[in-house]
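The structure file protein-v3.pdb is reproduced below (PDB, C-alpha atoms).
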```
ATOM      1  CA  MET G   1     -71.768 -93.148 110.002
ATOM      2  CA  ASN G   2     -69.135 -92.515 107.337
ATOM      3  CA  VAL G   3     -70.036 -89.826 104.866
ATOM      4  CA  THR G   4     -68.519 -89.035 101.481
ATOM      5  CA  HIS G   5     -67.886 -85.300 101.422
ATOM      6  CA  ALA G   6     -68.218 -83.909  97.914
ATOM      7  CA  GLN G   7     -65.753 -81.184  97.123
ATOM      8  CA  SER G   8     -65.929 -78.788  94.185
ATOM      9  CA  SER G   9     -65.798 -80.443  90.751
ATOM     10  CA  THR G  10     -62.315 -79.023  90.291
ATOM     11  CA  PRO G  11     -60.413 -79.424  93.572
ATOM     12  CA  ALA G  12     -57.714 -76.923  94.460
ATOM     13  CA  PRO G  13     -54.378 -77.821  92.834
ATOM     14  CA  LYS G  14     -51.494 -79.050  94.967
ATOM     15  CA  PRO G  15     -48.193 -77.110  95.013
ATOM     16  CA  LEU G  16     -45.090 -78.857  93.725
ATOM     17  CA  GLY G  17     -42.343 -76.280  93.849
ATOM     18  CA  SER G  18     -43.481 -73.639  91.362
ATOM     19  CA  LEU G  19     -45.914 -76.096  89.751
ATOM     20  CA  SER G  20     -49.593 -76.677  90.538
ATOM     21  CA  VAL G  21     -50.801 -80.235  90.043
ATOM     22  CA  SER G  22     -54.051 -82.174  90.291
ATOM     23  CA  THR G  23     -54.768 -84.647  93.104
ATOM     24  CA  LEU G  24     -54.323 -87.586  90.708
ATOM     25  CA  CYS G  25     -51.201 -87.978  88.578
ATOM     26  CA  LEU G  26     -51.815 -90.102  85.475
ATOM     27  CA  GLY G  27     -49.134 -92.738  84.962
ATOM     28  CA  GLY G  28     -47.863 -92.952  81.394
ATOM     29  CA  ASN G  29     -46.078 -96.300  81.628
ATOM     30  CA  VAL G  30     -48.890 -98.036  79.709
ATOM     31  CA  PHE G  31     -48.676 -95.711  76.681
ATOM     32  CA  GLY G  32     -47.026 -97.624  73.867
ATOM     33  CA  TRP G  33     -47.172-100.810  75.926
ATOM     34  CA  THR G  34     -50.607-102.143  76.905
ATOM     35  CA  ALA G  35     -52.348 -99.118  75.369
ATOM     36  CA  ASP G  36     -51.707 -98.209  71.745
ATOM     37  CA  GLU G  37     -51.675 -94.610  70.567
ATOM     38  CA  ALA G  38     -55.426 -94.381  69.913
ATOM     39  CA  GLU G  39     -56.269 -95.901  73.304
ATOM     40  CA  SER G  40     -53.710 -93.661  74.989
ATOM     41  CA  PHE G  41     -55.175 -90.532  73.371
ATOM     42  CA  ALA G  42     -58.653 -91.508  74.577
ATOM     43  CA  VAL G  43     -57.388 -92.013  78.142
ATOM     44  CA  LEU G  44     -55.481 -88.730  78.099
ATOM     45  CA  ASP G  45     -58.497 -86.819  76.780
ATOM     46  CA  ALA G  46     -60.763 -88.325  79.446
ATOM     47  CA  TYR G  47     -58.235 -87.633  82.204
ATOM     48  CA  VAL G  48     -58.019 -83.943  81.302
ATOM     49  CA  ALA G  49     -61.804 -83.709  80.916
ATOM     50  CA  GLY G  50     -62.050 -85.143  84.429
ATOM     51  CA  GLY G  51     -59.935 -82.373  85.935
ATOM     52  CA  GLY G  52     -56.425 -83.857  85.719
ATOM     53  CA  ASN G  53     -53.357 -81.933  84.584
ATOM     54  CA  PHE G  54     -50.353 -83.980  85.804
ATOM     55  CA  ILE G  55     -48.867 -86.779  83.655
ATOM     56  CA  ASP G  56     -45.905 -88.954  84.597
ATOM     57  CA  THR G  57     -43.665 -90.790  82.148
ATOM     58  CA  ALA G  58     -39.983 -91.740  81.727
ATOM     59  CA  ASP G  59     -37.514 -92.032  78.888
ATOM     60  CA  VAL G  60     -37.176 -95.793  79.533
ATOM     61  CA  TYR G  61     -40.926 -96.543  79.096
ATOM     62  CA  SER G  62     -41.358 -99.136  77.656
ATOM     63  CA  ALA G  63     -37.985-100.637  76.791
ATOM     64  CA  TRP G  64     -38.937-103.914  78.508
ATOM     65  CA  VAL G  65     -41.421-104.766  75.736
ATOM     66  CA  PRO G  66     -39.971-106.911  72.920
ATOM     67  CA  GLY G  67     -39.405-104.673  69.907
ATOM     68  CA  ASN G  68     -39.440-101.446  71.917
ATOM     69  CA  LYS G  69     -36.336 -99.345  72.557
ATOM     70  CA  GLY G  70     -37.530 -96.942  75.256
ATOM     71  CA  GLY G  71     -39.138 -93.594  74.622
ATOM     72  CA  GLU G  72     -42.411 -95.036  73.322
ATOM     73  CA  SER G  73     -44.466 -93.455  76.100
ATOM     74  CA  GLU G  74     -42.857 -90.034  75.623
ATOM     75  CA  THR G  75     -43.517 -90.283  71.877
ATOM     76  CA  VAL G  76     -47.212 -91.052  72.368
ATOM     77  CA  LEU G  77     -47.518 -88.250  74.893
ATOM     78  CA  GLY G  78     -45.708 -85.804  72.617
ATOM     79  CA  ASN G  79     -47.986 -86.682  69.709
ATOM     80  CA  TRP G  80     -51.034 -86.137  71.921
ATOM     81  CA  LEU G  81     -49.784 -82.752  73.167
ATOM     82  CA  ALA G  82     -49.095 -81.632  69.603
ATOM     83  CA  SER G  83     -52.472 -82.797  68.316
ATOM     84  CA  ARG G  84     -54.410 -81.191  71.159
ATOM     85  CA  GLY G  85     -52.412 -77.954  71.382
ATOM     86  CA  ASN G  86     -52.670 -77.988  75.166
ATOM     87  CA  ARG G  87     -49.021 -78.042  76.260
ATOM     88  CA  ASP G  88     -49.345 -75.025  78.551
ATOM     89  CA  ASP G  89     -52.238 -76.629  80.428
ATOM     90  CA  ILE G  90     -50.395 -79.864  81.269
ATOM     91  CA  VAL G  91     -47.675 -80.584  83.826
ATOM     92  CA  ILE G  92     -45.329 -83.147  82.254
ATOM     93  CA  ALA G  93     -42.983 -85.211  84.420
ATOM     94  CA  THR G  94     -40.377 -87.504  82.925
ATOM     95  CA  LYS G  95     -37.199 -89.176  84.128
ATOM     96  CA  VAL G  96     -33.546 -89.728  83.274
ATOM     97  CA  GLY G  97     -31.077 -92.463  84.081
ATOM     98  CA  ALA G  98     -32.674 -95.776  83.092
ATOM     99  CA  HIS G  99     -32.952 -95.629  79.288
ATOM    100  CA  PRO G 100     -30.810 -98.403  77.706
ATOM    101  CA  ASP G 101     -28.793 -95.806  75.783
ATOM    102  CA  TYR G 102     -28.589 -93.260  78.611
ATOM    103  CA  LYS G 103     -27.969 -95.129  81.830
ATOM    104  CA  GLY G 104     -26.742 -93.445  84.980
ATOM    105  CA  LEU G 105     -26.497 -89.842  86.104
ATOM    106  CA  SER G 106     -23.258 -88.497  84.702
ATOM    107  CA  ALA G 107     -23.513 -84.907  83.526
ATOM    108  CA  ALA G 108     -22.937 -85.973  79.913
ATOM    109  CA  THR G 109     -25.676 -88.609  80.096
ATOM    110  CA  ILE G 110     -28.214 -86.188  81.581
ATOM    111  CA  LYS G 111     -27.521 -83.490  79.012
ATOM    112  CA  ALA G 112     -27.793 -85.913  76.083
ATOM    113  CA  ALA G 113     -30.887 -87.694  77.441
ATOM    114  CA  VAL G 114     -32.888 -84.532  78.099
ATOM    115  CA  ASP G 115     -32.649 -83.443  74.477
ATOM    116  CA  ARG G 116     -33.960 -86.822  73.319
ATOM    117  CA  SER G 117     -36.848 -86.571  75.769
ATOM    118  CA  LEU G 118     -37.688 -83.047  74.631
ATOM    119  CA  SER G 119     -37.678 -84.206  71.017
ATOM    120  CA  ARG G 120     -40.005 -87.137  71.707
ATOM    121  CA  LEU G 121     -42.305 -84.984  73.852
ATOM    122  CA  ARG G 122     -42.353 -82.342  71.099
ATOM    123  CA  THR G 123     -41.856 -79.544  73.600
ATOM    124  CA  ASP G 124     -39.160 -77.061  74.611
ATOM    125  CA  HIS G 125     -39.380 -77.743  78.344
ATOM    126  CA  ILE G 126     -40.071 -80.483  80.886
ATOM    127  CA  ASP G 127     -42.030 -79.350  83.930
ATOM    128  CA  LEU G 128     -40.679 -81.921  86.409
ATOM    129  CA  TYR G 129     -37.509 -83.903  85.666
ATOM    130  CA  TYR G 130     -36.700 -86.874  87.887
ATOM    131  CA  THR G 131     -33.473 -88.720  88.454
ATOM    132  CA  HIS G 132     -35.066 -92.138  87.900
ATOM    133  CA  TYR G 133     -32.648 -94.189  90.005
ATOM    134  CA  ASP G 134     -29.814 -92.910  92.136
ATOM    135  CA  ASP G 135     -26.361 -93.547  90.664
ATOM    136  CA  GLU G 136     -23.958 -93.804  93.578
ATOM    137  CA  SER G 137     -20.981 -93.905  91.214
ATOM    138  CA  VAL G 138     -21.638 -90.203  90.577
ATOM    139  CA  GLU G 139     -21.221 -87.505  93.215
ATOM    140  CA  VAL G 140     -24.447 -85.646  93.906
ATOM    141  CA  GLY G 141     -22.732 -82.406  92.958
ATOM    142  CA  GLU G 142     -22.164 -83.619  89.407
ATOM    143  CA  PHE G 143     -25.742 -84.502  88.553
ATOM    144  CA  LEU G 144     -27.275 -81.620  90.504
ATOM    145  CA  THR G 145     -25.039 -79.123  88.718
ATOM    146  CA  ALA G 146     -26.015 -80.694  85.384
ATOM    147  CA  LEU G 147     -29.700 -80.469  86.319
ATOM    148  CA  ASP G 148     -29.221 -76.869  87.410
ATOM    149  CA  ASP G 149     -27.779 -76.115  83.973
ATOM    150  CA  LEU G 150     -30.974 -77.492  82.408
ATOM    151  CA  VAL G 151     -33.115 -75.295  84.659
ATOM    152  CA  THR G 152     -31.003 -72.235  83.809
ATOM    153  CA  ALA G 153     -31.335 -73.057  80.095
ATOM    154  CA  GLY G 154     -35.124 -73.275  80.418
ATOM    155  CA  LYS G 155     -35.258 -76.946  79.427
ATOM    156  CA  VAL G 156     -36.523 -78.020  82.870
ATOM    157  CA  ARG G 157     -38.703 -76.134  85.356
ATOM    158  CA  GLU G 158     -38.327 -78.243  88.525
ATOM    159  CA  ILE G 159     -36.315 -81.324  89.507
ATOM    160  CA  ALA G 160     -37.194 -84.352  91.606
ATOM    161  CA  ALA G 161     -35.840 -87.733  92.718
ATOM    162  CA  SER G 162     -37.096 -91.295  92.528
ATOM    163  CA  ASN G 163     -35.646 -94.492  93.986
ATOM    164  CA  ILE G 164     -33.091 -92.859  96.262
ATOM    165  CA  SER G 165     -31.971 -93.563  99.812
ATOM    166  CA  ALA G 166     -32.680 -91.177 102.661
ATOM    167  CA  ARG G 167     -28.945 -90.596 103.055
ATOM    168  CA  ARG G 168     -28.352 -89.640  99.425
ATOM    169  CA  LEU G 169     -31.520 -87.566  99.310
ATOM    170  CA  GLN G 170     -30.406 -85.504 102.292
ATOM    171  CA  GLU G 171     -26.913 -85.211 100.816
ATOM    172  CA  SER G 172     -28.440 -83.902  97.579
ATOM    173  CA  LEU G 173     -30.612 -81.348  99.356
ATOM    174  CA  ASP G 174     -27.674 -80.180 101.455
ATOM    175  CA  PHE G 175     -25.548 -79.705  98.325
ATOM    176  CA  SER G 176     -28.271 -77.672  96.608
ATOM    177  CA  ASP G 177     -28.745 -75.460  99.660
ATOM    178  CA  ARG G 178     -25.023 -74.948 100.106
ATOM    179  CA  GLU G 179     -24.179 -74.284  96.448
ATOM    180  CA  GLY G 180     -27.338 -72.459  95.433
ATOM    181  CA  VAL G 181     -28.196 -74.835  92.587
ATOM    182  CA  ALA G 182     -31.556 -76.373  91.634
ATOM    183  CA  ARG G 183     -33.097 -78.309  94.518
ATOM    184  CA  TYR G 184     -35.369 -81.315  94.482
ATOM    185  CA  VAL G 185     -38.999 -80.327  95.108
ATOM    186  CA  ALA G 186     -40.528 -83.795  94.991
ATOM    187  CA  LEU G 187     -39.838 -87.441  95.643
ATOM    188  CA  GLN G 188     -41.361 -90.415  93.822
ATOM    189  CA  PRO G 189     -41.252 -93.475  96.107
ATOM    190  CA  GLU G 190     -43.050 -96.793  95.903
ATOM    191  CA  TYR G 191     -45.863 -96.354  98.423
ATOM    192  CA  ASN G 192     -49.290 -97.902  98.862
ATOM    193  CA  LEU G 193     -51.418 -99.766 101.400
ATOM    194  CA  VAL G 194     -49.452-103.000 100.990
ATOM    195  CA  ALA G 195     -46.015-101.400 100.591
ATOM    196  CA  ARG G 196     -45.549 -98.815 103.312
ATOM    197  CA  ASP G 197     -42.127 -99.672 104.716
ATOM    198  CA  ARG G 198     -40.149 -98.479 101.686
ATOM    199  CA  TYR G 199     -41.250 -94.899 102.271
ATOM    200  CA  GLU G 200     -42.505 -94.454 105.823
ATOM    201  CA  GLY G 201     -39.716 -93.832 108.294
ATOM    202  CA  GLU G 202     -36.385 -92.288 107.398
ATOM    203  CA  LEU G 203     -37.179 -91.402 103.772
ATOM    204  CA  ALA G 204     -40.528 -89.813 104.631
ATOM    205  CA  ASP G 205     -38.825 -87.950 107.488
ATOM    206  CA  VAL G 206     -36.288 -86.426 105.092
ATOM    207  CA  ALA G 207     -39.102 -85.382 102.757
ATOM    208  CA  ALA G 208     -41.137 -83.817 105.551
ATOM    209  CA  ARG G 209     -38.172 -82.049 107.123
ATOM    210  CA  ASN G 210     -37.156 -80.520 103.796
ATOM    211  CA  GLY G 211     -40.591 -79.669 102.420
ATOM    212  CA  LEU G 212     -40.603 -82.213  99.596
ATOM    213  CA  ALA G 213     -43.877 -83.444  98.128
ATOM    214  CA  ALA G 214     -44.293 -87.182  97.602
ATOM    215  CA  VAL G 215     -45.724 -88.463  94.322
ATOM    216  CA  PRO G 216     -46.048 -92.207  94.987
ATOM    217  CA  TYR G 217     -45.799 -94.823  92.247
ATOM    218  CA  TYR G 218     -47.451 -98.265  92.348
ATOM    219  CA  ALA G 219     -50.208 -96.427  94.225
ATOM    220  CA  LEU G 220     -52.573 -99.323  93.482
ATOM    221  CA  ALA G 221     -49.955-102.077  93.948
ATOM    222  CA  SER G 222     -50.031-103.119  90.283
ATOM    223  CA  GLY G 223     -53.827-103.296  90.421
ATOM    224  CA  PHE G 224     -54.229-105.352  93.595
ATOM    225  CA  LEU G 225     -55.866-102.437  95.424
ATOM    226  CA  THR G 226     -58.620-102.191  92.815
ATOM    227  CA  GLY G 227     -60.206-105.164  94.590
ATOM    228  CA  LYS G 228     -60.502-107.259  91.427
ATOM    229  CA  TYR G 229     -57.949-109.827  92.598
ATOM    230  CA  ARG G 230     -59.776-112.482  94.622
ATOM    231  CA  PRO G 231     -59.181-116.185  95.245
ATOM    232  CA  GLY G 232     -60.059-118.018  92.039
ATOM    233  CA  ALA G 233     -60.431-114.826  89.980
ATOM    234  CA  ASP G 234     -58.765-114.737  86.555
ATOM    235  CA  VAL G 235     -57.694-111.172  85.749
ATOM    236  CA  ASP G 236     -56.559-110.283  82.232
ATOM    237  CA  SER G 237     -53.677-107.924  82.960
ATOM    238  CA  ALA G 238     -49.976-107.722  82.148
ATOM    239  CA  ARG G 239     -49.437-107.126  85.877
ATOM    240  CA  SER G 240     -51.686-109.877  87.245
ATOM    241  CA  GLU G 241     -48.858-112.069  88.527
ATOM    242  CA  LYS G 242     -47.296-109.204  90.491
ATOM    243  CA  ALA G 243     -50.633-108.061  91.892
ATOM    244  CA  ALA G 244     -51.952-111.515  92.773
ATOM    245  CA  HIS G 245     -49.097-112.400  95.129
ATOM    246  CA  HIS G 246     -50.548-109.984  97.707
ATOM    247  CA  LEU G 247     -53.486-112.393  98.093
ATOM    248  CA  ALA G 248     -51.090-114.873  99.648
ATOM    249  CA  THR G 249     -50.094-112.494 102.450
ATOM    250  CA  ASP G 250     -51.886-111.738 105.698
ATOM    251  CA  ARG G 251     -51.434-108.035 105.078
ATOM    252  CA  GLY G 252     -52.934-108.277 101.611
ATOM    253  CA  ARG G 253     -56.025-110.079 102.876
ATOM    254  CA  ARG G 254     -56.450-107.635 105.788
ATOM    255  CA  VAL G 255     -56.193-104.645 103.457
ATOM    256  CA  LEU G 256     -58.688-106.136 101.023
ATOM    257  CA  ALA G 257     -61.192-106.679 103.849
ATOM    258  CA  ALA G 258     -60.723-103.094 105.073
ATOM    259  CA  LEU G 259     -61.165-101.767 101.542
ATOM    260  CA  ASP G 260     -64.378-103.806 101.242
ATOM    261  CA  THR G 261     -65.713-102.122 104.394
ATOM    262  CA  VAL G 262     -64.770 -98.547 103.520
ATOM    263  CA  ALA G 263     -65.780 -98.825  99.863
ATOM    264  CA  ALA G 264     -69.207-100.142 100.853
ATOM    265  CA  ALA G 265     -69.689 -97.340 103.383
ATOM    266  CA  HIS G 266     -69.018 -94.684 100.752
ATOM    267  CA  GLY G 267     -70.478 -96.399  97.717
ATOM    268  CA  ALA G 268     -67.022 -95.988  96.216
ATOM    269  CA  GLU G 269     -64.665 -98.150  94.170
ATOM    270  CA  HIS G 270     -61.812 -99.886  95.979
ATOM    271  CA  ALA G 271     -59.265 -98.033  93.841
ATOM    272  CA  THR G 272     -60.759 -94.693  94.843
ATOM    273  CA  VAL G 273     -60.519 -95.574  98.538
ATOM    274  CA  ALA G 274     -56.917 -96.804  98.225
ATOM    275  CA  LEU G 275     -55.893 -93.601  96.455
ATOM    276  CA  ALA G 276     -57.777 -91.453  98.978
ATOM    277  CA  TRP G 277     -55.924 -93.124 101.857
ATOM    278  CA  LEU G 278     -52.632 -92.385 100.116
ATOM    279  CA  ALA G 279     -53.587 -88.785  99.313
ATOM    280  CA  ALA G 280     -54.363 -88.236 103.008
ATOM    281  CA  GLN G 281     -50.887 -89.270 104.171
ATOM    282  CA  PRO G 282     -48.332 -86.666 105.320
ATOM    283  CA  THR G 283     -46.202 -85.223 102.477
ATOM    284  CA  VAL G 284     -48.240 -86.913  99.706
ATOM    285  CA  ALA G 285     -49.294 -84.477  96.985
ATOM    286  CA  SER G 286     -50.497 -86.603  94.087
ATOM    287  CA  PRO G 287     -50.538 -90.415  93.850
ATOM    288  CA  ILE G 288     -49.752 -91.916  90.435
ATOM    289  CA  ALA G 289     -52.145 -94.379  88.835
ATOM    290  CA  SER G 290     -52.383 -95.511  85.234
ATOM    291  CA  ALA G 291     -55.351 -96.497  83.095
ATOM    292  CA  ARG G 292     -55.182 -98.728  80.051
ATOM    293  CA  THR G 293     -58.753 -97.908  79.021
ATOM    294  CA  VAL G 294     -61.155 -95.005  79.512
ATOM    295  CA  SER G 295     -63.425 -97.268  81.565
ATOM    296  CA  GLN G 296     -60.726 -97.563  84.240
ATOM    297  CA  LEU G 297     -60.466 -93.797  84.738
ATOM    298  CA  PRO G 298     -63.609 -92.840  86.706
ATOM    299  CA  ALA G 299     -62.535 -94.805  89.791
ATOM    300  CA  LEU G 300     -59.158 -93.034  89.705
ATOM    301  CA  LEU G 301     -60.486 -89.529  89.104
ATOM    302  CA  ALA G 302     -63.025 -89.962  91.904
ATOM    303  CA  VAL G 303     -60.186 -89.529  94.425
ATOM    304  CA  GLN G 304     -60.587 -85.800  93.765
ATOM    305  CA  GLN G 305     -63.969 -85.857  95.524
ATOM    306  CA  LEU G 306     -63.627 -88.600  98.150
ATOM    307  CA  VAL G 307     -62.597 -87.534 101.659
ATOM    308  CA  LEU G 308     -62.234 -90.422 104.092
ATOM    309  CA  THR G 309     -63.264 -90.055 107.730
ATOM    310  CA  ASP G 310     -60.763 -90.430 110.557
ATOM    311  CA  ALA G 311     -62.314 -93.826 111.298
ATOM    312  CA  ASP G 312     -61.842 -94.932 107.674
ATOM    313  CA  LEU G 313     -58.208 -93.862 107.695
ATOM    314  CA  ALA G 314     -57.562 -95.594 111.017
ATOM    315  CA  LEU G 315     -59.122 -98.857 109.801
ATOM    316  CA  LEU G 316     -57.039 -98.888 106.615
ATOM    317  CA  THR G 317     -53.860 -97.864 108.428
ATOM    318  CA  GLU G 318     -54.262-100.591 111.009
ATOM    319  CA  ALA G 319     -55.068-103.251 108.417
ATOM    320  CA  SER G 320     -51.991-102.335 106.396
ATOM    321  CA  ALA G 321     -49.563-102.167 109.310
TER     322      ALA G 321
END
```

Let me see whether you can do it: turn the structure in this file into C-alpha cells.
Amino acid sequence: MNVTHAQSSTPAPKPLGSLSVSTLCLGGNVFGWTADEAESFAVLDAYVAGGGNFIDTADVYSAWVPGNKGGESETVLGNWLASRGNRDDIVIATKVGAHPDYKGLSAATIKAAVDRSLSRLRTDHIDLYYTHYDDESVEVGEFLTALDDLVTAGKVREIAASNISARRLQESLDFSDREGVARYVALQPEYNLVARDRYEGELADVAARNGLAAVPYYALASGFLTGKYRPGADVDSARSEKAAHHLATDRGRRVLAALDTVAAAHGAEHATVALAWLAAQPTVASPIASARTVSQLPALLAVQQLVLTDADLALLTEASA
C-alpha cells in the first residue's frame, strides 16, 4: 500500500550554490498579467506563510500582454518586498536577455538590464540571475565576464542558465573553471511529466556531471498536470489552449491515468503528485509553479510534505515515457 510520509512542516532547504531554497519555487510570470497587484500580494503572502522562500521572475514578464512593456512582474514583486520588509528572507531569481529593450547577452546589454531589474525589484542585489535564452552571437566569455563583474560588484549573488544547449552549457562551465569567473550553479529547463525529452539525456548529464541544480519551468505543463483538463471540460485559463493539446496525445492520456491512480492512493491533488515526481528526479532542486489565486496554492505547497513510493515513481515514469 502506498503511504504519504509527512515530513516536518518546514522541510530542509535545498542548496543552490551559496543559496538555500524551498522545495517549491513560486513562478512570478502571472504577476501583472493574470493576477493584478492585490491578487499577487495575496499569493505571495500565502506562499511565504506556507514555507516558501524562492520566487522566480524575469525582466520580460509580461511584455506579451497588450499594453505591457516588460518588467511588470518585477515591479509587483518589488512593491511587495518593500511593503513587507522581508527582502533578506526571500531568494529572488530573475533573468536577462529577452526584454524588448534589452535583447541578447552582450556585456553592455547585461549591465544595462540588471540596473533596470534592480530598480523595479527595489533591491540592491539579485540572488539568482539567469541568462534567459542563450545568445550564440556572443562568445560565452563575454557574457560570463559581464556576469562575473555583477557578482564582484555585489549586484548578483549567483548565476544560472535557462534555454541553453548542452554544448554551450558545457562550454560556459569550462570557461568559468578555466578563467576563474562566476560559474553557473543552476539550470532552468522545460521539464515535466509530458515534456521529458528536452531535459533528460545530454543536458541533464551535463548538469549532473558539473553539480548544477535543475529548477524546471512548466512543471505542471501549463496546468495540464493539475488534472482539470478532461474531455469536454471547459477551463477558464489563459493557458487552456496550450494545456489542452496534451489530451490529444497518447502520452498525455497515460500520464493523466497514472496521476489519477497515485493521487487517489495518497489522497493528494494531481498537481502535488506531478510536482513530487519532478522533485524526486536526479538534479532537480525546486520545480517552478505559479498560482493566480490563493486557492491554487495549497496543492503546490503540499509537495513539501508528499514523498512518493518507488512504485508511484515507477508508474508515473513508465506512463510518461

Is it possible to get the residues within 8 Å of (-25.2, -75.9, 91.2) (coordinates as in the file, counting only C-alpha atoms) written as an mmCIF file with C-alpha atoms, keeping the file's coordinate frame?
```
data_model
loop_
_atom_site.group_PDB
_atom_site.id
_atom_site.type_symbol
_atom_site.label_atom_id
_atom_site.label_comp_id
_atom_site.auth_asym_id
_atom_site.auth_seq_id
_atom_site.Cartn_x
_atom_site.Cartn_y
_atom_site.Cartn_z
ATOM 1 C CA GLY G 141 -22.732 -82.406 92.958
ATOM 2 C CA LEU G 144 -27.275 -81.620 90.504
ATOM 3 C CA THR G 145 -25.039 -79.123 88.718
ATOM 4 C CA ALA G 146 -26.015 -80.694 85.384
ATOM 5 C CA ASP G 148 -29.221 -76.869 87.410
ATOM 6 C CA ASP G 149 -27.779 -76.115 83.973
ATOM 7 C CA SER G 176 -28.271 -77.672 96.608
ATOM 8 C CA GLU G 179 -24.179 -74.284 96.448
ATOM 9 C CA GLY G 180 -27.338 -72.459 95.433
ATOM 10 C CA VAL G 181 -28.196 -74.835 92.587
ATOM 11 C CA ALA G 182 -31.556 -76.373 91.634
#
```

* Contact residues around stretch 82-94 of chain G with only C-alpha atoms at 6 Å, ignoring same-chain residues under 5 positions, as a VMD selection string -> chain G and resid 53 to 58 127 to 129

* To do: Decode the PyMOL selection byres ((chain G and resi 157) around 10) for the given file into explicit residues and return them as a list in words.
  =>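 So the PyMOL selection byres ((chain G and resi 157) around 10), applied here, picks out Gly17, Ser18, Leu19, His125, Ile126, Asp127, Leu128, Tyr129, Asp148, Leu150, Val151, Thr152, Ala153, Gly154, Lys155, Val156, Glu158, Ile159 and Ala182 of chain G.
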
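Atom CA of G:Trp277 to atom CA of G:Leu313 spans 6.3 Å [interatomic distance, one decimal].
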
Please identify all polymer residues lying at most 12 Å from the point (-28.7, -101.6, 77.6) (file coordinates), using all atoms listed in the file, and present the result as a tab-separated table (two decimals) with C-alpha atoms, in the frame of the given file.
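As a result, selection_14.tsv now contains:
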```tsv
chain	number	residue	atom	x	y	z
G	60	VAL	CA	-37.18	-95.79	79.53
G	63	ALA	CA	-37.98	-100.64	76.79
G	64	TRP	CA	-38.94	-103.91	78.51
G	69	LYS	CA	-36.34	-99.34	72.56
G	70	GLY	CA	-37.53	-96.94	75.26
G	97	GLY	CA	-31.08	-92.46	84.08
G	98	ALA	CA	-32.67	-95.78	83.09
G	99	HIS	CA	-32.95	-95.63	79.29
G	100	PRO	CA	-30.81	-98.40	77.71
G	101	ASP	CA	-28.79	-95.81	75.78
G	102	TYR	CA	-28.59	-93.26	78.61
G	103	LYS	CA	-27.97	-95.13	81.83
G	104	GLY	CA	-26.74	-93.44	84.98
```

* Hey, which of G:Val262, G:Arg167, G:Tyr217, G:Asn29 ends up closest to G:Asp310? Count all atoms listed in the file. -> G:Val262

* Asked: So what do you get for atom CA of G:Arg178 versus atom CA of G:Val140, distance-wise?
  ->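 Computing the Euclidean distance for atom CA of G:Arg178 and atom CA of G:Val140 yields 12.4 Å.
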
Selection: 9 Å around stretch 195-212 of chain G, all atoms listed in the file, excl. self and same-chain fewer than 3 positions, as a PDB file with C-alpha atoms, in the frame of the given file:
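Result went into part.pdb, see below:
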```
ATOM      1  CA  LEU G  16     -45.090 -78.857  93.725  1.00  0.00           C
ATOM      2  CA  GLY G  17     -42.343 -76.280  93.849  1.00  0.00           C
ATOM      3  CA  ALA G 160     -37.194 -84.352  91.606  1.00  0.00           C
ATOM      4  CA  ILE G 164     -33.091 -92.859  96.262  1.00  0.00           C
ATOM      5  CA  SER G 165     -31.971 -93.563  99.812  1.00  0.00           C
ATOM      6  CA  ALA G 166     -32.680 -91.177 102.661  1.00  0.00           C
ATOM      7  CA  ARG G 167     -28.945 -90.596 103.055  1.00  0.00           C
ATOM      8  CA  LEU G 169     -31.520 -87.566  99.310  1.00  0.00           C
ATOM      9  CA  GLN G 170     -30.406 -85.504 102.292  1.00  0.00           C
ATOM     10  CA  LEU G 173     -30.612 -81.348  99.356  1.00  0.00           C
ATOM     11  CA  TYR G 184     -35.369 -81.315  94.482  1.00  0.00           C
ATOM     12  CA  VAL G 185     -38.999 -80.327  95.108  1.00  0.00           C
ATOM     13  CA  ALA G 186     -40.528 -83.795  94.991  1.00  0.00           C
ATOM     14  CA  LEU G 187     -39.838 -87.441  95.643  1.00  0.00           C
ATOM     15  CA  PRO G 189     -41.252 -93.475  96.107  1.00  0.00           C
ATOM     16  CA  GLU G 190     -43.050 -96.793  95.903  1.00  0.00           C
ATOM     17  CA  TYR G 191     -45.863 -96.354  98.423  1.00  0.00           C
ATOM     18  CA  ASN G 192     -49.290 -97.902  98.862  1.00  0.00           C
ATOM     19  CA  TYR G 218     -47.451 -98.265  92.348  1.00  0.00           C
ATOM     20  CA  ALA G 221     -49.955-102.077  93.948  1.00  0.00           C
ATOM     21  CA  PRO G 282     -48.332 -86.666 105.320  1.00  0.00           C
ATOM     22  CA  THR G 283     -46.202 -85.223 102.477  1.00  0.00           C
ATOM     23  CA  VAL G 284     -48.240 -86.913  99.706  1.00  0.00           C
ATOM     24  CA  SER G 320     -51.991-102.335 106.396  1.00  0.00           C
ATOM     25  CA  ALA G 321     -49.563-102.167 109.310  1.00  0.00           C
TER      26      ALA G 321
END
```

* Between atom CA of G:Leu147 and atom CA of G:Gly28, measure the distance and give it in Å to one decimal. =>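 Between atom CA of G:Leu147 and atom CA of G:Gly28 the gap works out to 22.6 Å.
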
* Asked: Once the PyMOL selection byres ((chain G and resi 76) around 9) has been applied to the shown file, what residues remain in the selection, as a ChimeraX atom specification?
  -> /G:31-32,36-37,40-41,71-75,77-81,120-121

* Care to translate the PyMOL selection byres ((chain G and resi 316) around 9) into actual residues of this file, as a VMD selection string? -> chain G and resid 193 254 to 255 258 to 259 262 274 277 311 to 315 317 to 321

Residues from last step as file, C-alpha atoms, as a CSV table (one decimal), keeping the file's coordinate frame:
```
chain,number,residue,atom,x,y,z
G,193,LEU,CA,-51.4,-99.8,101.4
G,254,ARG,CA,-56.4,-107.6,105.8
G,255,VAL,CA,-56.2,-104.6,103.5
G,258,ALA,CA,-60.7,-103.1,105.1
G,259,LEU,CA,-61.2,-101.8,101.5
G,262,VAL,CA,-64.8,-98.5,103.5
G,274,ALA,CA,-56.9,-96.8,98.2
G,277,TRP,CA,-55.9,-93.1,101.9
G,311,ALA,CA,-62.3,-93.8,111.3
G,312,ASP,CA,-61.8,-94.9,107.7
G,313,LEU,CA,-58.2,-93.9,107.7
G,314,ALA,CA,-57.6,-95.6,111.0
G,315,LEU,CA,-59.1,-98.9,109.8
G,317,THR,CA,-53.9,-97.9,108.4
G,318,GLU,CA,-54.3,-100.6,111.0
G,319,ALA,CA,-55.1,-103.3,108.4
G,320,SER,CA,-52.0,-102.3,106.4
G,321,ALA,CA,-49.6,-102.2,109.3
```

* Contacts of G:His246 within 12 Å, all atoms listed in the file, excl. fewer than 6 positions in-chain, as a PyMOL selection string -> chain G and resi 193-195+220-225+227+229-231+240+252-256+320
